[in-house]
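Structure first, then comments.
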Amino acid sequence: MIFKVASVDSLVVYFGNEISEDVATIVQRAYLSLKSLNIEGIIEIIPSYTSIYILYDIFKYDYSSFVEILRNSIDLNYEDRRTKNIINIDVYYGDEVALDLNDMSFKTNLSIEKIIELHSSKLYDVYAMGFSPGFAFLASVDKQIAVPRLSSPRKSVPKGSVAIADTQTAVYPQQSPGGWNIIGRTAMELFDKNLEKLSPLSVGDKVKFNPISKEEFLSQGGVI
């Protein structure tokens with residue numbers, strides 16, 4: 001673990017310098033172990049794939065003493081005994097919304113049907129939340145459909161777009177710029193200001209994508 005100052009009242013704990021499932025798993029264990037302790041004076045804990053950002057009360061701790069508390073508290077072997085939440089997300093993979101599916105088919109030499117099958121057959125872990133409210137980084141997609149980000153990001157990606165970038169997949173919870181490969185769309189709301197935690201997804205949850213027809217998508221409130 002490497003500790004670095006982020007600001008006068010925050011720091012970042014680094015667990016590796018490259019994105020991998022092994023590092024992400026360690027980050028997840030560290031995050032969940034800290035959350036379970038409810039250490040007084042910690043205001044916010046935000047995990048990413050390789051690090052954890054922590055906001056703390058500077059009137060309670062100075063930097064050095066807080067680092068020592070964290071060093072002695074973080075359990076990298078923490079076992080999460082909670083019942084895993086599995087969130088099912090219905091996805092319409094049709095041409096009208098799957099902006100990059102044809103291109104992915106060409107790049108991977110796989111049929112569109114095979115790409116959809118590979119994407120929807122896995123159970124994904126929520127490794128981190130970020131980029132925008134409700135945006136969950138999910139991993140890992142099958143290596144056969146792991147394609148890099150677009151060379152030129154779009155200025156606007158429609159809300160609900162389901163996408164792939166390298167070994168990750170995600171859903172754009174709101175309309176926003178983005179450079180991921182769009183392969184479908186969901187009508188499910190993944191960001192709601194009225195929810196206590198803003199999103200139905202949290203680090204530690206699992207996500208399953210389920211292919212649906214155009215009619216089902218539209219009946220759920222989907223927009224094409």
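Residue numbering restarts at 1 in every chain; chains get A, B, ... in the order shown in the structure tokens, and ligands count up from 1 in that same order.
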
Helix (DSSP H, G or I) call set, DSSP backbone run, stretch 14-195 of chain A, as a ChimeraX atom specification: /A:21-37,63-73,101-108,112-120,143-145

Determine, counting only C-alpha atoms, which protein, DNA and RNA residues have an atom within 7 Å of an atom of stretch 210-212 of chain A; residues of the same chain fewer than 6 positions away are not included. Present the result as a VMD selection string. chain A and resid 88 to 93 120

Separation of atom CA of A:Ala98 from atom CA of A:Ile183 in Å: 4.1 Å

Using only C-alpha atoms, which of the listed residues (A:Pro133, A:Gly179, A:Gly94, A:Pro47) sits closest to A:Val147?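 Ranked by minimum distance to A:Val147, first place goes to A:Gly179.
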
Among stretch 30-208 of chain A, which ones does DSSP place in strand (DSSP E), written as a ChimeraX atom specification? /A:42-47,51-56,86-91,123-129,136-139,154-157,161-165,168-171,176-178,181-185,206-208

Can you tell me, as a PyMOL selection string, what residues are no more than 7 Å from stretch 2-9 of chain A when counting only C-alpha atoms, ignoring any on the same chain fewer than 6 positions away? chain A and resi 15+55-58

If I take atom CA of A:Ala165 and atom CA of A:Trp180, how far is one from the other in Å, to one decimal?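 Atom CA of A:Ala165 sits 5.2 Å away from atom CA of A:Trp180.
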
12 Å contact set for A:Arg81, only C-alpha atoms, chain neighbours under 6 positions out, as JSON, numbers by chain: {"A": [29, 32, 33, 36, 204]}

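For the residues A:Leu110, A:Leu190, A:Leu34, A:Ala24, ranking by smallest atom-to-atom distance to A:Asp125 using only C-alpha atoms places A:Ala24 first.
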
Residue contacts of A:Thr186 (9 Å, only C-alpha atoms) excluding same-chain residues fewer than 2 positions away, as a PDB file with N, CA, C and O atoms, in the first residue's frame:
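Written file, selection-v9.pdb:
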```
ATOM      1  N   ILE A  89     -30.068  -6.355 -15.558  1.00  0.00           N
ATOM      2  CA  ILE A  89     -30.287  -5.209 -16.443  1.00  0.00           C
ATOM      3  C   ILE A  89     -30.692  -5.711 -17.820  1.00  0.00           C
ATOM      4  O   ILE A  89     -29.928  -6.421 -18.496  1.00  0.00           O
ATOM      5  N   ASP A  90     -31.918  -5.383 -18.227  1.00  0.00           N
ATOM      6  CA  ASP A  90     -32.406  -5.765 -19.549  1.00  0.00           C
ATOM      7  C   ASP A  90     -31.782  -4.860 -20.607  1.00  0.00           C
ATOM      8  O   ASP A  90     -31.745  -3.634 -20.437  1.00  0.00           O
ATOM      9  N   VAL A  91     -31.315  -5.469 -21.691  1.00  0.00           N
ATOM     10  CA  VAL A  91     -30.634  -4.709 -22.748  1.00  0.00           C
ATOM     11  C   VAL A  91     -31.220  -5.038 -24.116  1.00  0.00           C
ATOM     12  O   VAL A  91     -31.403  -6.203 -24.473  1.00  0.00           O
ATOM     13  N   TYR A  92     -31.500  -3.981 -24.876  1.00  0.00           N
ATOM     14  CA  TYR A  92     -31.882  -4.137 -26.277  1.00  0.00           C
ATOM     15  C   TYR A  92     -30.622  -3.916 -27.108  1.00  0.00           C
ATOM     16  O   TYR A  92     -30.001  -2.857 -27.042  1.00  0.00           O
ATOM     17  N   TYR A  93     -30.212  -4.940 -27.857  1.00  0.00           N
ATOM     18  CA  TYR A  93     -28.976  -4.889 -28.637  1.00  0.00           C
ATOM     19  C   TYR A  93     -29.243  -4.575 -30.117  1.00  0.00           C
ATOM     20  O   TYR A  93     -28.437  -4.927 -30.981  1.00  0.00           O
ATOM     21  N   LYS A 159     -28.304   8.341 -22.985  1.00  0.00           N
ATOM     22  CA  LYS A 159     -28.562   7.757 -21.668  1.00  0.00           C
ATOM     23  C   LYS A 159     -28.976   6.294 -21.817  1.00  0.00           C
ATOM     24  O   LYS A 159     -29.728   5.943 -22.718  1.00  0.00           O
ATOM     25  N   GLY A 160     -28.444   5.439 -20.940  1.00  0.00           N
ATOM     26  CA  GLY A 160     -28.796   4.025 -20.960  1.00  0.00           C
ATOM     27  C   GLY A 160     -27.952   3.181 -21.894  1.00  0.00           C
ATOM     28  O   GLY A 160     -28.146   1.960 -21.962  1.00  0.00           O
ATOM     29  N   SER A 161     -27.005   3.813 -22.599  1.00  0.00           N
ATOM     30  CA  SER A 161     -26.166   3.058 -23.535  1.00  0.00           C
ATOM     31  C   SER A 161     -25.292   2.056 -22.786  1.00  0.00           C
ATOM     32  O   SER A 161     -24.657   2.385 -21.789  1.00  0.00           O
ATOM     33  N   VAL A 162     -25.278   0.825 -23.279  1.00  0.00           N
ATOM     34  CA  VAL A 162     -24.445  -0.233 -22.713  1.00  0.00           C
ATOM     35  C   VAL A 162     -23.184  -0.310 -23.562  1.00  0.00           C
ATOM     36  O   VAL A 162     -23.267  -0.325 -24.798  1.00  0.00           O
ATOM     37  N   VAL A 171     -22.755   0.939 -18.167  1.00  0.00           N
ATOM     38  CA  VAL A 171     -23.957   1.590 -18.696  1.00  0.00           C
ATOM     39  C   VAL A 171     -23.822   3.082 -18.434  1.00  0.00           C
ATOM     40  O   VAL A 171     -23.508   3.492 -17.313  1.00  0.00           O
ATOM     41  N   GLY A 184     -25.574  -1.571 -27.068  1.00  0.00           N
ATOM     42  CA  GLY A 184     -26.987  -1.734 -26.761  1.00  0.00           C
ATOM     43  C   GLY A 184     -27.489  -0.611 -25.879  1.00  0.00           C
ATOM     44  O   GLY A 184     -26.783   0.381 -25.652  1.00  0.00           O
ATOM     45  N   MET A 188     -33.428   0.915 -17.899  1.00  0.00           N
ATOM     46  CA  MET A 188     -33.307   0.943 -16.438  1.00  0.00           C
ATOM     47  C   MET A 188     -32.652   2.243 -15.966  1.00  0.00           C
ATOM     48  O   MET A 188     -31.666   2.695 -16.546  1.00  0.00           O
ATOM     49  N   GLU A 189     -33.211   2.839 -14.922  1.00  0.00           N
ATOM     50  CA  GLU A 189     -32.639   4.059 -14.347  1.00  0.00           C
ATOM     51  C   GLU A 189     -31.480   3.685 -13.422  1.00  0.00           C
ATOM     52  O   GLU A 189     -31.661   2.969 -12.440  1.00  0.00           O
ATOM     53  N   PHE A 217     -38.212  -3.522 -24.817  1.00  0.00           N
ATOM     54  CA  PHE A 217     -37.461  -2.312 -24.495  1.00  0.00           C
ATOM     55  C   PHE A 217     -38.378  -1.082 -24.492  1.00  0.00           C
ATOM     56  O   PHE A 217     -38.368  -0.275 -23.560  1.00  0.00           O
ATOM     57  N   GLN A 220     -40.809  -0.896 -21.616  1.00  0.00           N
ATOM     58  CA  GLN A 220     -40.183  -0.532 -20.349  1.00  0.00           C
ATOM     59  C   GLN A 220     -39.870   0.962 -20.258  1.00  0.00           C
ATOM     60  O   GLN A 220     -39.340   1.438 -19.257  1.00  0.00           O
ATOM     61  N   GLY A 222     -38.103   2.529 -22.810  1.00  0.00           N
ATOM     62  CA  GLY A 222     -36.891   2.796 -23.595  1.00  0.00           C
ATOM     63  C   GLY A 222     -37.160   3.749 -24.744  1.00  0.00           C
ATOM     64  O   GLY A 222     -38.276   3.818 -25.271  1.00  0.00           O
ATOM     65  N   VAL A 223     -36.125   4.493 -25.102  1.00  0.00           N
ATOM     66  CA  VAL A 223     -36.233   5.481 -26.206  1.00  0.00           C
ATOM     67  C   VAL A 223     -35.212   5.162 -27.278  1.00  0.00           C
ATOM     68  O   VAL A 223     -34.054   4.900 -26.982  1.00  0.00           O
TER      69      VAL A 223
END
```

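Atom CA of A:Asp103 is found 12.3 Å from atom CA of A:Arg149.
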